[in-house]
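Chemist: Structure: upload-v5.txt, compact mmCIF, C-alpha atoms.
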```txt
# COMPACT_ATOMS: atom_id res chain seq x y z
CA MET A 1 0.00 0.00 0.00
CA ILE A 2 2.82 2.40 0.92
CA ARG A 3 4.63 1.66 -2.33
CA ARG A 4 1.45 2.28 -4.27
CA LEU A 5 0.93 5.64 -2.57
CA GLN A 6 4.55 6.53 -3.28
CA ALA A 7 4.10 5.63 -6.92
CA LEU A 8 0.97 7.79 -7.14
CA ALA A 9 2.77 10.67 -5.48
CA LEU A 10 5.67 10.41 -7.89
CA ALA A 11 3.27 10.28 -10.82
CA GLY A 12 1.53 13.41 -9.55
CA LEU A 13 4.86 15.15 -9.10
CA ALA A 14 5.86 14.19 -12.64
CA LEU A 15 2.67 15.75 -14.01
CA VAL A 16 3.33 18.95 -12.08
CA LEU A 17 6.90 19.14 -13.32
CA LEU A 18 5.79 18.47 -16.89
CA GLY A 19 3.15 21.18 -16.61
CA ALA A 20 5.82 23.61 -15.50
CA GLY A 21 8.22 22.49 -18.22
CA VAL A 22 8.96 23.98 -21.60
CA ARG A 23 6.52 22.99 -24.28
CA PRO A 24 8.24 21.22 -27.21
CA GLU A 25 7.80 22.71 -30.66
CA GLY A 26 5.34 21.24 -33.13
CA LEU A 27 2.68 19.99 -30.70
CA GLY A 28 -1.05 20.37 -31.11
CA ASP A 29 -3.39 21.36 -28.27
CA VAL A 30 -6.06 19.76 -26.15
CA ARG A 31 -8.63 22.50 -26.65
CA SER A 32 -11.22 21.31 -24.15
CA ILE A 33 -12.48 18.39 -22.08
CA SER A 34 -16.25 18.58 -21.67
CA VAL A 35 -18.62 16.30 -19.78
CA GLU A 36 -22.31 15.92 -20.59
CA SER A 37 -24.63 13.83 -18.40
CA GLN A 38 -27.75 12.21 -19.89
CA PRO A 39 -30.23 9.74 -18.37
CA THR A 40 -28.69 6.73 -20.14
CA ARG A 41 -25.03 7.72 -20.32
CA THR A 42 -22.32 10.25 -19.54
CA ARG A 43 -20.32 11.56 -22.50
CA VAL A 44 -16.78 12.94 -22.32
CA VAL A 45 -15.56 14.88 -25.36
CA ILE A 46 -11.84 15.66 -25.74
CA GLU A 47 -11.46 18.23 -28.50
CA LEU A 48 -8.03 18.56 -30.15
CA SER A 49 -6.54 21.12 -32.47
CA ARG A 50 -5.56 18.43 -34.96
CA LYS A 51 -5.88 14.76 -35.75
CA THR A 52 -3.45 12.48 -33.92
CA SER A 53 -3.04 8.95 -32.62
CA TYR A 54 -4.10 7.76 -29.17
CA GLU A 55 -4.13 4.63 -27.03
CA ILE A 56 -6.70 3.32 -24.56
CA HIS A 57 -5.75 1.47 -21.38
CA GLU A 58 -7.79 0.08 -18.51
CA LEU A 59 -6.74 -0.49 -14.89
CA GLN A 60 -8.42 -1.97 -11.81
CA ASN A 61 -8.36 -1.17 -8.08
CA PRO A 62 -9.47 1.55 -8.44
CA ARG A 63 -11.29 1.10 -11.74
CA ARG A 64 -10.16 3.62 -14.37
CA VAL A 65 -9.64 4.03 -18.09
CA TYR A 66 -6.99 6.37 -19.41
CA ILE A 67 -6.48 7.74 -22.89
CA ASP A 68 -2.93 8.62 -23.94
CA ILE A 69 -2.94 11.16 -26.77
CA ASP A 70 0.24 11.65 -28.80
CA GLU A 71 1.80 14.92 -29.92
CA VAL A 72 -0.54 17.28 -28.05
CA TRP A 73 -0.14 19.62 -25.10
CA LEU A 74 -2.66 19.88 -22.27
CA GLU A 75 -2.45 23.28 -20.60
CA ALA A 76 -4.13 24.16 -17.27
CA PRO A 77 -6.93 24.84 -16.43
CA ILE A 78 -7.97 22.26 -19.06
CA GLY A 79 -7.75 18.88 -17.38
CA THR A 80 -8.79 20.15 -13.96
CA SER A 81 -10.51 17.32 -12.11
CA GLN A 82 -14.28 17.18 -12.71
CA THR A 83 -16.33 15.18 -10.19
CA LEU A 84 -19.62 13.74 -11.41
CA GLU A 85 -22.87 13.71 -9.47
CA ALA A 86 -23.98 10.65 -7.53
CA GLY A 87 -25.66 8.07 -9.73
CA SER A 88 -23.21 8.33 -12.60
CA SER A 89 -21.02 5.32 -13.41
CA LEU A 90 -18.28 7.84 -14.21
CA ARG A 91 -16.93 9.37 -11.01
CA VAL A 92 -14.09 11.70 -12.00
CA VAL A 93 -12.55 13.06 -15.21
CA ARG A 94 -9.09 14.58 -15.10
CA GLY A 95 -6.19 15.20 -17.44
CA GLY A 96 -2.58 16.28 -17.58
CA GLN A 97 0.68 16.08 -19.48
CA ASN A 98 2.02 12.53 -19.08
CA THR A 99 5.25 13.10 -21.00
CA LEU A 100 6.55 16.08 -22.91
CA ARG A 101 4.90 14.76 -26.08
CA ARG A 102 1.87 12.92 -24.69
CA SER A 103 -1.25 14.03 -22.83
CA ARG A 104 -3.33 11.73 -20.65
CA VAL A 105 -7.03 11.91 -19.79
CA VAL A 106 -8.22 9.63 -16.96
CA LEU A 107 -11.79 8.42 -16.43
CA GLU A 108 -12.38 7.06 -12.92
CA LEU A 109 -15.28 4.58 -12.94
CA ASP A 110 -17.45 2.67 -10.52
CA ALA A 111 -16.18 -0.87 -9.97
CA GLY A 112 -19.11 -2.45 -11.81
CA ALA A 113 -19.38 0.04 -14.66
CA ALA A 114 -19.23 -1.12 -18.27
CA SER A 115 -16.12 -0.18 -20.20
CA PRO A 116 -16.67 3.14 -21.98
CA ALA A 117 -17.24 3.17 -25.74
CA ILE A 118 -14.53 5.42 -27.16
CA SER A 119 -14.41 6.70 -30.74
CA ALA A 120 -12.82 9.50 -32.79
CA LEU A 121 -14.81 12.07 -34.75
CA GLU A 122 -13.73 14.62 -37.33
CA ALA A 123 -14.19 18.35 -38.02
CA PRO A 124 -12.93 19.19 -35.44
CA PHE A 125 -10.99 16.09 -34.38
CA ARG A 126 -12.22 14.88 -31.02
CA ILE A 127 -12.17 11.73 -28.93
CA VAL A 128 -15.56 10.79 -27.51
CA ALA A 129 -16.05 8.43 -24.54
CA ASP A 130 -19.56 7.22 -23.65
CA VAL A 131 -20.07 5.67 -20.21
CA LYS A 132 -23.42 3.93 -19.79
CA ALA A 133 -25.42 4.82 -16.71
CA GLY A 134 -25.76 2.30 -13.91
CA PHE A 135 -23.97 -0.98 -13.40
CA VAL A 136 -23.42 -3.83 -15.83
CA LEU A 137 -26.59 -5.88 -16.22
CA PRO A 138 -26.31 -9.61 -15.58
CA PRO A 139 -26.23 -11.85 -18.66
CA ILE A 140 -29.61 -12.89 -20.03
CA ALA A 141 -28.60 -16.49 -20.76
CA SER A 142 -31.03 -17.72 -18.10
CA ALA A 143 -33.93 -15.67 -19.46
CA PRO A 144 -36.79 -17.31 -21.36
CA GLU A 145 -36.03 -18.14 -24.99
CA ASP A 146 -38.30 -15.40 -26.36
CA ALA A 147 -36.41 -12.76 -24.40
CA GLU A 148 -33.23 -13.64 -26.24
CA ASP A 149 -34.80 -13.08 -29.66
CA TRP A 150 -37.04 -10.08 -29.07
CA ASP A 151 -36.69 -6.64 -27.59
CA GLN A 152 -38.83 -6.03 -24.51
CA ARG A 153 -40.22 -2.67 -25.65
CA GLY A 154 -42.89 -1.73 -28.15
CA VAL A 155 -42.18 0.20 -31.33
CA ARG A 156 -43.69 3.64 -31.67
CA ARG A 157 -41.04 6.34 -32.16
CA ILE A 158 -38.65 5.95 -35.08
CA VAL A 159 -35.78 8.20 -36.08
CA ILE A 160 -35.19 8.37 -39.83
CA ASP A 161 -31.71 9.52 -40.80
CA ALA A 162 -31.17 10.74 -44.36
CA GLY A 163 -27.44 10.24 -44.87
CA HIS A 164 -24.96 12.98 -45.75
CA GLY A 165 -26.23 16.49 -46.67
CA GLY A 166 -24.95 20.05 -46.88
CA LYS A 167 -21.21 20.19 -47.48
CA ASP A 168 -21.20 16.37 -47.65
CA PRO A 169 -23.05 15.32 -50.85
CA GLY A 170 -22.22 11.64 -50.36
CA ALA A 171 -21.62 9.48 -53.43
CA LEU A 172 -21.92 11.19 -56.81
CA GLY A 173 -23.46 9.53 -59.86
CA PRO A 174 -23.86 10.42 -63.53
CA ALA A 175 -25.47 13.79 -64.32
CA LYS A 176 -24.27 14.99 -60.90
CA VAL A 177 -26.87 12.95 -59.00
CA ARG A 178 -26.04 13.32 -55.31
CA GLU A 179 -26.59 10.58 -52.76
CA ALA A 180 -27.67 13.20 -50.20
CA ALA A 181 -30.56 14.36 -52.42
CA VAL A 182 -31.66 10.80 -53.31
CA VAL A 183 -31.86 9.60 -49.71
CA LEU A 184 -33.57 12.79 -48.51
CA ALA A 185 -36.37 12.25 -51.03
CA ILE A 186 -36.80 8.63 -49.90
CA SER A 187 -36.66 9.65 -46.22
CA ARG A 188 -39.40 12.24 -46.69
CA GLU A 189 -41.62 9.67 -48.40
CA LEU A 190 -40.85 7.19 -45.63
CA GLU A 191 -41.81 9.76 -43.00
CA ARG A 192 -45.20 10.21 -44.68
CA GLU A 193 -45.75 6.47 -45.11
CA LEU A 194 -44.89 5.55 -41.52
CA THR A 195 -46.90 8.45 -40.09
CA LYS A 196 -49.97 7.10 -41.91
CA ARG A 197 -49.35 3.76 -40.19
CA GLY A 198 -49.42 5.28 -36.71
CA PHE A 199 -45.70 5.72 -35.98
CA GLU A 200 -44.21 8.83 -34.41
CA ILE A 201 -41.39 9.97 -36.71
CA VAL A 202 -38.36 12.12 -35.95
CA MET A 203 -36.15 13.20 -38.87
CA THR A 204 -32.46 13.92 -38.29
CA ARG A 205 -32.68 16.29 -41.24
CA ASN A 206 -35.50 17.29 -43.60
CA ARG A 207 -33.46 19.64 -45.78
CA ASP A 208 -30.01 19.85 -47.32
CA VAL A 209 -27.91 20.46 -44.20
CA PHE A 210 -24.77 18.84 -42.80
CA LEU A 211 -24.87 16.79 -39.60
CA THR A 212 -22.04 14.86 -37.99
CA LEU A 213 -22.51 11.14 -37.38
CA GLU A 214 -22.48 11.91 -33.67
CA ALA A 215 -25.29 14.46 -34.00
CA ARG A 216 -27.52 12.04 -35.91
CA THR A 217 -27.63 9.35 -33.27
CA ASP A 218 -27.63 11.94 -30.48
CA ILE A 219 -31.05 12.96 -31.80
CA ALA A 220 -32.27 9.37 -31.56
CA ASN A 221 -30.82 8.88 -28.09
CA ARG A 222 -32.19 12.16 -26.73
CA ARG A 223 -35.67 11.44 -28.11
CA ASP A 224 -35.59 7.91 -26.67
CA ALA A 225 -36.36 6.37 -30.07
CA ASP A 226 -37.43 2.74 -30.33
CA LEU A 227 -35.72 2.23 -33.71
CA PHE A 228 -33.06 4.05 -35.73
CA LEU A 229 -33.02 3.84 -39.54
CA SER A 230 -30.28 5.43 -41.65
CA ILE A 231 -30.94 5.70 -45.41
CA HIS A 232 -28.02 5.71 -47.89
CA ALA A 233 -27.19 4.99 -51.52
CA ASN A 234 -24.15 3.01 -52.59
CA ALA A 235 -21.40 3.61 -55.15
CA ALA A 236 -18.54 1.60 -56.62
CA LYS A 237 -15.80 1.91 -59.23
CA ASN A 238 -17.36 -1.02 -61.05
CA ARG A 239 -20.41 0.60 -62.67
CA LYS A 240 -22.06 -2.78 -63.17
CA LEU A 241 -22.54 -3.34 -59.45
CA ALA A 242 -26.19 -3.03 -58.45
CA GLY A 243 -28.55 -3.99 -55.69
CA VAL A 244 -30.09 -3.32 -52.31
CA GLU A 245 -28.50 -4.23 -48.98
CA THR A 246 -29.09 -3.61 -45.28
CA TYR A 247 -26.41 -3.35 -42.60
CA LEU A 248 -26.30 -3.74 -38.85
CA LEU A 249 -23.42 -3.05 -36.49
CA ASP A 250 -20.89 -5.83 -35.97
CA THR A 251 -17.17 -6.49 -35.65
CA ARG A 252 -17.33 -8.93 -38.55
CA TYR A 253 -17.04 -7.61 -42.09
CA ASP A 254 -15.59 -8.53 -45.46
CA ARG A 255 -13.59 -6.40 -47.91
CA GLN A 256 -16.66 -5.12 -49.73
CA THR A 257 -18.33 -4.11 -46.46
CA ALA A 258 -15.12 -2.38 -45.38
CA ARG A 259 -15.28 -0.27 -48.52
CA VAL A 260 -18.88 0.72 -47.85
CA ALA A 261 -18.26 1.41 -44.15
CA ALA A 262 -15.19 3.52 -44.89
CA ARG A 263 -17.15 5.69 -47.32
CA GLU A 264 -20.12 6.14 -45.00
CA ASN A 265 -17.85 6.79 -42.00
CA GLY A 266 -15.85 9.40 -43.92
CA THR A 267 -12.62 7.43 -43.34
CA THR A 268 -10.35 5.14 -45.33
CA ILE A 269 -10.32 1.35 -45.27
CA ALA A 270 -6.94 1.52 -43.54
CA GLN A 271 -8.56 3.50 -40.71
CA LEU A 272 -11.03 0.69 -39.99
CA SER A 273 -8.50 -0.45 -37.43
CA GLU A 274 -8.58 -2.86 -34.53
CA LEU A 275 -9.80 0.04 -32.44
CA HIS A 276 -13.01 0.27 -34.45
CA LYS A 277 -13.56 -3.44 -33.94
CA ILE A 278 -13.15 -3.00 -30.19
CA LEU A 279 -15.50 -0.02 -30.20
CA ALA A 280 -18.13 -1.95 -32.10
CA SER A 281 -17.86 -4.92 -29.75
CA LEU A 282 -18.60 -2.66 -26.80
CA ARG A 283 -21.95 -1.78 -28.34
CA LEU A 284 -23.02 -5.31 -29.23
CA GLY A 285 -25.36 -7.31 -27.05
CA ASN A 286 -29.15 -7.31 -26.93
CA ASN A 287 -29.52 -4.64 -29.60
CA GLU A 288 -27.56 -6.76 -32.06
CA ARG A 289 -30.12 -9.56 -31.91
CA TYR A 290 -33.04 -7.19 -32.28
CA ALA A 291 -31.31 -5.28 -35.08
CA ALA A 292 -30.67 -8.54 -36.95
CA ARG A 293 -34.41 -9.37 -36.98
CA TYR A 294 -35.26 -5.75 -37.84
CA ALA A 295 -32.73 -5.73 -40.72
CA GLU A 296 -34.00 -9.01 -42.18
CA LEU A 297 -37.59 -7.79 -42.24
CA VAL A 298 -36.71 -4.46 -43.85
CA GLN A 299 -34.41 -6.02 -46.45
CA THR A 300 -36.95 -8.70 -47.43
CA SER A 301 -39.84 -6.22 -47.63
CA LEU A 302 -37.85 -3.64 -49.59
CA VAL A 303 -36.66 -6.14 -52.20
CA SER A 304 -40.14 -7.67 -52.51
CA ARG A 305 -41.78 -4.27 -53.12
CA LEU A 306 -39.13 -3.08 -55.57
CA ARG A 307 -39.38 -6.25 -57.66
CA LYS A 308 -43.05 -5.57 -58.36
CA THR A 309 -42.03 -2.62 -60.54
CA HIS A 310 -38.34 -3.42 -61.10
CA PRO A 311 -38.05 -7.23 -61.48
CA ASP A 312 -34.28 -7.02 -61.98
CA THR A 313 -33.69 -5.66 -58.45
CA VAL A 314 -30.67 -7.45 -56.94
CA ASP A 315 -30.97 -8.68 -53.35
CA LEU A 316 -27.52 -8.23 -51.76
CA GLY A 317 -28.85 -9.37 -48.39
CA VAL A 318 -28.23 -8.35 -44.80
CA LYS A 319 -24.63 -7.63 -43.86
CA ARG A 320 -22.65 -6.54 -40.81
CA GLY A 321 -19.98 -3.92 -40.39
CA PRO A 322 -18.41 -1.13 -38.28
CA PHE A 323 -20.67 1.79 -39.18
CA LEU A 324 -20.08 4.65 -36.77
CA VAL A 325 -23.58 6.08 -37.17
CA LEU A 326 -24.92 2.76 -35.85
CA PHE A 327 -22.26 2.45 -33.16
CA GLN A 328 -23.57 5.55 -31.39
CA ALA A 329 -27.21 4.38 -31.17
CA ASP A 330 -28.76 3.15 -27.92
CA MET A 331 -31.56 1.28 -29.71
CA PRO A 332 -31.80 -1.30 -32.53
CA ALA A 333 -30.31 0.46 -35.55
CA ILE A 334 -29.80 -0.40 -39.20
CA LEU A 335 -28.43 1.25 -42.34
CA VAL A 336 -30.16 0.65 -45.69
CA GLU A 337 -28.36 1.09 -49.03
CA VAL A 338 -31.20 1.57 -51.54
CA GLY A 339 -29.11 1.14 -54.70
CA PHE A 340 -25.97 2.26 -56.54
CA VAL A 341 -25.77 5.82 -57.86
CA SER A 342 -22.72 4.68 -59.81
CA ASN A 343 -24.83 2.23 -61.86
CA PRO A 344 -26.34 4.02 -64.92
CA ALA A 345 -29.58 2.01 -64.79
CA GLU A 346 -30.10 2.27 -61.04
CA VAL A 347 -29.27 5.95 -60.81
CA ARG A 348 -32.14 6.76 -63.18
CA ARG A 349 -34.49 4.98 -60.82
CA LEU A 350 -32.98 6.47 -57.70
CA SER A 351 -33.39 10.04 -58.92
CA SER A 352 -37.13 9.63 -59.63
CA GLN A 353 -39.89 10.51 -57.19
CA SER A 354 -41.83 7.35 -58.07
CA PHE A 355 -38.87 5.21 -56.94
CA ALA A 356 -38.69 7.20 -53.70
CA ARG A 357 -42.34 6.35 -52.96
CA ILE A 358 -41.90 2.67 -53.84
CA ALA A 359 -38.72 2.31 -51.77
CA ALA A 360 -40.37 4.08 -48.84
CA GLU A 361 -43.33 1.72 -49.02
CA GLY A 362 -41.04 -1.31 -49.04
CA ILE A 363 -39.02 -0.11 -46.05
CA ALA A 364 -42.22 0.83 -44.20
CA ASN A 365 -43.57 -2.69 -44.77
CA GLY A 366 -40.52 -4.11 -43.00
CA VAL A 367 -40.72 -1.66 -40.11
CA THR A 368 -44.44 -2.39 -39.70
CA ALA A 369 -43.80 -6.13 -39.71
CA TYR A 370 -41.20 -5.72 -36.96
CA ARG A 371 -43.61 -3.62 -34.89
CA ASP A 372 -46.49 -6.07 -35.32
CA GLN A 373 -44.38 -9.15 -34.57
CA GLN A 374 -42.92 -7.41 -31.57
CA ALA A 375 -46.37 -6.45 -30.28
CA SER A 376 -47.56 -10.05 -30.67
CA ARG A 377 -44.62 -11.38 -28.68
CA LEU A 378 -45.12 -8.84 -25.92
CA VAL A 379 -48.81 -9.73 -25.62
CA ALA A 380 -47.98 -13.45 -25.56
CA ARG A 381 -45.54 -12.95 -22.68
CA ARG A 382 -48.05 -11.19 -20.41
```
Transcribe the structure of this file into structure tokens.
Modeler:
Amino acid sequence: MIRRLQALALAGLALVLLGAGVRPEGLGDVRSISVESQPTRTRVVIELSRKTSYEIHELQNPRRVYIDIDEVWLEAPIGTSQTLEAGSSLRVVRGGQNTLRRSRVVLELDAGAASPAISALEAPFRIVADVKAGFVLPPIASAPEDAEDWDQRGVRRIVIDAGHGGKDPGALGPAKVREAAVVLAISRELERELTKRGFEIVMTRNRDVFLTLEARTDIANRRDADLFLSIHANAAKNRKLAGVETYLLDTRYDRQTARVAARENGTTIAQLSELHKILASLRLGNNERYAARYAELVQTSLVSRLRKTHPDTVDLGVKRGPFLVLFQADMPAILVEVGFVSNPAEVRRLSSQSFARIAAEGIANGVTAYRDQQASRLVARR
């Protein structure tokens, strides 16, 4: 115990000495460390002046996670210890200069807290850590079989996310067809269709504006949505590629999925690193099972409806991958790719209002099927 206290004292002294030292040339800055508490989680945002590498480490007794950030300088009062209110799984957030060329931010957690989900976001570059509220729930292996396959809540409020927008046009097709415009048209039709069927709909955007991936799922989380649905259109160098596919969050993905995920995440395939796999795995669990059923119903219904007017529609199936817009969601979430804007035949369909209505009807059929099946299961379990 004495040695441990000595080690902590020396570490504290080192941070003080580093803070009083001369800042090396060429470093970026830790601009701010902010903490936002919500009913379901506490979010820590570390904003940096530039993009850089970082490492995540976890220690026990006491429980804490620390993030080492390379080539940045953390100047007081940024990093001053912030103590969270009672009830939060995150107790304290503090930061300092660990070495002359590395900053460290420490998250002190309750002993039973789940490991935080930590990701990097762009424009500006920031590291985001989400700590779920409360303690880790016990595994549901002993629960009845139905509980393992079905969510225990009804489906009423749905957030529809039209991908891209504003300064981010998404994929570009012939005749300057923009993915952002295509998916907004489909999302508006889907809003109308689902509203007619009794759902409460929240749109992340209903005009041509830019939203970060973080902001999109923040809307769903703040509004306590039952389902999250992100609408996108695909693109590929091979102009012959065509088809419809639906994605859910997972650590498993193939090369083709990596290409799609990198484009939708605004990253490169090389940046789909082991860290992203770890981040995705932290979000898996019950929602993954529910999202899988949700994705299957939407994909099947969408393809079935499209083939009534476009018999050549290609069913690319349900796939899994590290999509950051799904990673942030606290509810079952899927991403639907409605076709390829890079395919000359499909892009003509995608840019028409009639296709938008047909695609919206197909997606709505899948969402409605999920709601109705879910309601039946819930009634049966009473």
Chemist: How many Å separate CA of Ser103 in chain A from CA of Asp70 in chain A?
Modeler: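 About the pair CA of Ser103 in chain A and CA of Asp70 in chain A: they are 6.6 Å apart.
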Chemist: For CA of Gly96 in chain A and CA of Ile46 in chain A, determine how far apart the two atoms are, in Å to one decimal place.
Modeler: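 Computed distance, CA of Gly96 in chain A to CA of Ile46 in chain A, equals 12.4 Å.
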Chemist: Between CA of Ala364 in chain A and CA of Val298 in chain A, what is the distance in Å, rounded to a tenth?
Modeler: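 That distance, rounded to one decimal, is 7.6 Å.
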Chemist: Using all atoms listed in the file, which residues sit within 10 Å of Leu316 in chain A once same-chain residues fewer than 3 positions away are excluded, as a ChimeraX atom specification?
Modeler: /A:242-246,299,303,313,319,337,339
Chemist: Any chance you can output those residues with C-alpha atoms as a short mmCIF file (atom, residue, chain, number, x, y, z; two decimals), keeping the file's coordinate frame?
Modeler:
```cif
data_model
loop_
_atom_site.label_atom_id
_atom_site.label_comp_id
_atom_site.auth_asym_id
_atom_site.auth_seq_id
_atom_site.Cartn_x
_atom_site.Cartn_y
_atom_site.Cartn_z
CA ALA A 242 -26.19 -3.03 -58.45
CA GLY A 243 -28.55 -3.99 -55.69
CA VAL A 244 -30.09 -3.32 -52.31
CA GLU A 245 -28.50 -4.23 -48.98
CA THR A 246 -29.09 -3.61 -45.28
CA GLN A 299 -34.41 -6.02 -46.45
CA VAL A 303 -36.66 -6.14 -52.20
CA THR A 313 -33.69 -5.66 -58.45
CA LYS A 319 -24.63 -7.63 -43.86
CA GLU A 337 -28.36 1.09 -49.03
CA GLY A 339 -29.11 1.14 -54.70
#
```
Chemist: Measuring atom to atom with all atoms listed in the file, identify which of A:Leu107, A:Val93, A:Leu27, A:Ala113 is nearest to Val72 in chain A.
Modeler: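 Among the listed residues, A:Leu27 lies closest to Val72 in chain A.
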Chemist: Do you know which residues are at most 6 Å from range 127-133 of chain A counting only C-alpha atoms, after dropping those on the same chain fewer than 6 positions away, and could you put them as JSON, numbers by chain?
Modeler: {"A": [40, 41, 42, 43, 44, 45, 46, 88, 89, 116, 117, 118, 119, 120]}
Chemist: Find the residue from A:Lys51, A:Arg263, A:His57, A:His310 that sits nearest to Ala345 in chain A; use all atoms listed in the file when measuring.
Modeler: A:His310
Chemist: Give me the residues near Leu84 in chain A as number ranges by chain, where near means some atom within 10 Å (using all atoms listed in the file) and where sequence neighbours in that chain fewer than 5 positions away do not count.
Modeler: A: 35-37, 42, 89-93, 108
Chemist: Contacts of Val209 in chain A at 10 Å or less, counting only C-alpha atoms, minus same-chain residues fewer than 5 places along, as a PyMOL selection string?
Modeler: chain A and resi 164-169+180+204
Chemist: Nearest residue to Asn234 in chain A out of A:Val347, A:Ala329, A:Leu248, A:Ala292, using all atoms listed in the file?
Modeler: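 Counting all atoms listed in the file, the residue closest to Asn234 in chain A is A:Val347.
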Chemist: Would you list the contacts of Val338 in chain A as a VMD selection string, taking every protein, DNA or RNA residue within 12 Å and counting all atoms listed in the file, but skipping same-chain residues closer than 4 positions in sequence?
Modeler: chain A and resid 162 to 163 179 182 to 187 230 to 235 242 to 247 298 to 299 302 to 303 306 313 to 317 346 to 347 349 to 351 355 to 356 358 to 360 362 to 363
Chemist: Nearest to Arg305 in chain A: which of A:Gly366, A:Ile78, A:Ile33, A:Ala114 is it, counting all atoms listed in the file?
Modeler: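 For Arg305 in chain A, the nearest of the candidates is A:Gly366.
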Chemist: Is there a way to get, as a count of residues only, all residues within 7 Å of the point (-36.2, 3.4, -28.6) in file coordinates, counting only C-alpha atoms?
Modeler: 6
Chemist: From the options A:Phe125, A:Tyr290, A:Phe228, A:Phe199, which residue's atoms come nearest to Leu326 in chain A, counting only C-alpha atoms?
Modeler: A:Phe228
Chemist: Rebuild range 103-117 of chain A to N, CA and C atoms - output it as a PDB file, keeping the file's coordinate frame, please.
Modeler:
```
ATOM      1  N   SER A 103      -0.280  13.649 -23.852  1.00  0.00           N
ATOM      2  CA  SER A 103      -1.250  14.030 -22.830  1.00  0.00           C
ATOM      3  C   SER A 103      -2.033  12.803 -22.389  1.00  0.00           C
ATOM      4  N   ARG A 104      -2.546  12.848 -21.178  1.00  0.00           N
ATOM      5  CA  ARG A 104      -3.330  11.730 -20.650  1.00  0.00           C
ATOM      6  C   ARG A 104      -4.612  12.253 -20.027  1.00  0.00           C
ATOM      7  N   VAL A 105      -5.732  11.608 -20.398  1.00  0.00           N
ATOM      8  CA  VAL A 105      -7.030  11.910 -19.790  1.00  0.00           C
ATOM      9  C   VAL A 105      -7.497  10.644 -19.080  1.00  0.00           C
ATOM     10  N   VAL A 106      -7.862  10.780 -17.802  1.00  0.00           N
ATOM     11  CA  VAL A 106      -8.220   9.630 -16.960  1.00  0.00           C
ATOM     12  C   VAL A 106      -9.705   9.699 -16.632  1.00  0.00           C
ATOM     13  N   LEU A 107     -10.391   8.563 -16.811  1.00  0.00           N
ATOM     14  CA  LEU A 107     -11.790   8.420 -16.430  1.00  0.00           C
ATOM     15  C   LEU A 107     -11.851   7.442 -15.258  1.00  0.00           C
ATOM     16  N   GLU A 108     -12.231   7.925 -14.079  1.00  0.00           N
ATOM     17  CA  GLU A 108     -12.380   7.060 -12.920  1.00  0.00           C
ATOM     18  C   GLU A 108     -13.815   6.547 -12.862  1.00  0.00           C
ATOM     19  N   LEU A 109     -13.974   5.211 -12.813  1.00  0.00           N
ATOM     20  CA  LEU A 109     -15.280   4.580 -12.940  1.00  0.00           C
ATOM     21  C   LEU A 109     -15.677   3.836 -11.671  1.00  0.00           C
ATOM     22  N   ASP A 110     -16.982   3.596 -11.548  1.00  0.00           N
ATOM     23  CA  ASP A 110     -17.450   2.670 -10.520  1.00  0.00           C
ATOM     24  C   ASP A 110     -16.921   1.281 -10.828  1.00  0.00           C
ATOM     25  N   ALA A 111     -16.768   0.456  -9.794  1.00  0.00           N
ATOM     26  CA  ALA A 111     -16.180  -0.870  -9.970  1.00  0.00           C
ATOM     27  C   ALA A 111     -16.968  -1.722 -10.955  1.00  0.00           C
ATOM     28  N   GLY A 112     -18.300  -1.600 -10.950  1.00  0.00           N
ATOM     29  CA  GLY A 112     -19.110  -2.450 -11.810  1.00  0.00           C
ATOM     30  C   GLY A 112     -19.519  -1.822 -13.118  1.00  0.00           C
ATOM     31  N   ALA A 113     -18.980  -0.658 -13.445  1.00  0.00           N
ATOM     32  CA  ALA A 113     -19.380   0.040 -14.660  1.00  0.00           C
ATOM     33  C   ALA A 113     -18.891  -0.684 -15.904  1.00  0.00           C
ATOM     34  N   ALA A 114     -19.667  -0.571 -16.985  1.00  0.00           N
ATOM     35  CA  ALA A 114     -19.230  -1.120 -18.270  1.00  0.00           C
ATOM     36  C   ALA A 114     -18.083  -0.285 -18.805  1.00  0.00           C
ATOM     37  N   SER A 115     -17.211  -0.918 -19.577  1.00  0.00           N
ATOM     38  CA  SER A 115     -16.120  -0.180 -20.200  1.00  0.00           C
ATOM     39  C   SER A 115     -16.694   0.884 -21.131  1.00  0.00           C
ATOM     40  N   PRO A 116     -16.142   2.087 -21.117  1.00  0.00           N
ATOM     41  CA  PRO A 116     -16.670   3.140 -21.980  1.00  0.00           C
ATOM     42  C   PRO A 116     -16.465   2.816 -23.455  1.00  0.00           C
ATOM     43  N   ALA A 117     -17.394   3.273 -24.281  1.00  0.00           N
ATOM     44  CA  ALA A 117     -17.240   3.170 -25.740  1.00  0.00           C
ATOM     45  C   ALA A 117     -16.533   4.437 -26.202  1.00  0.00           C
TER      46      ALA A 117
END
```
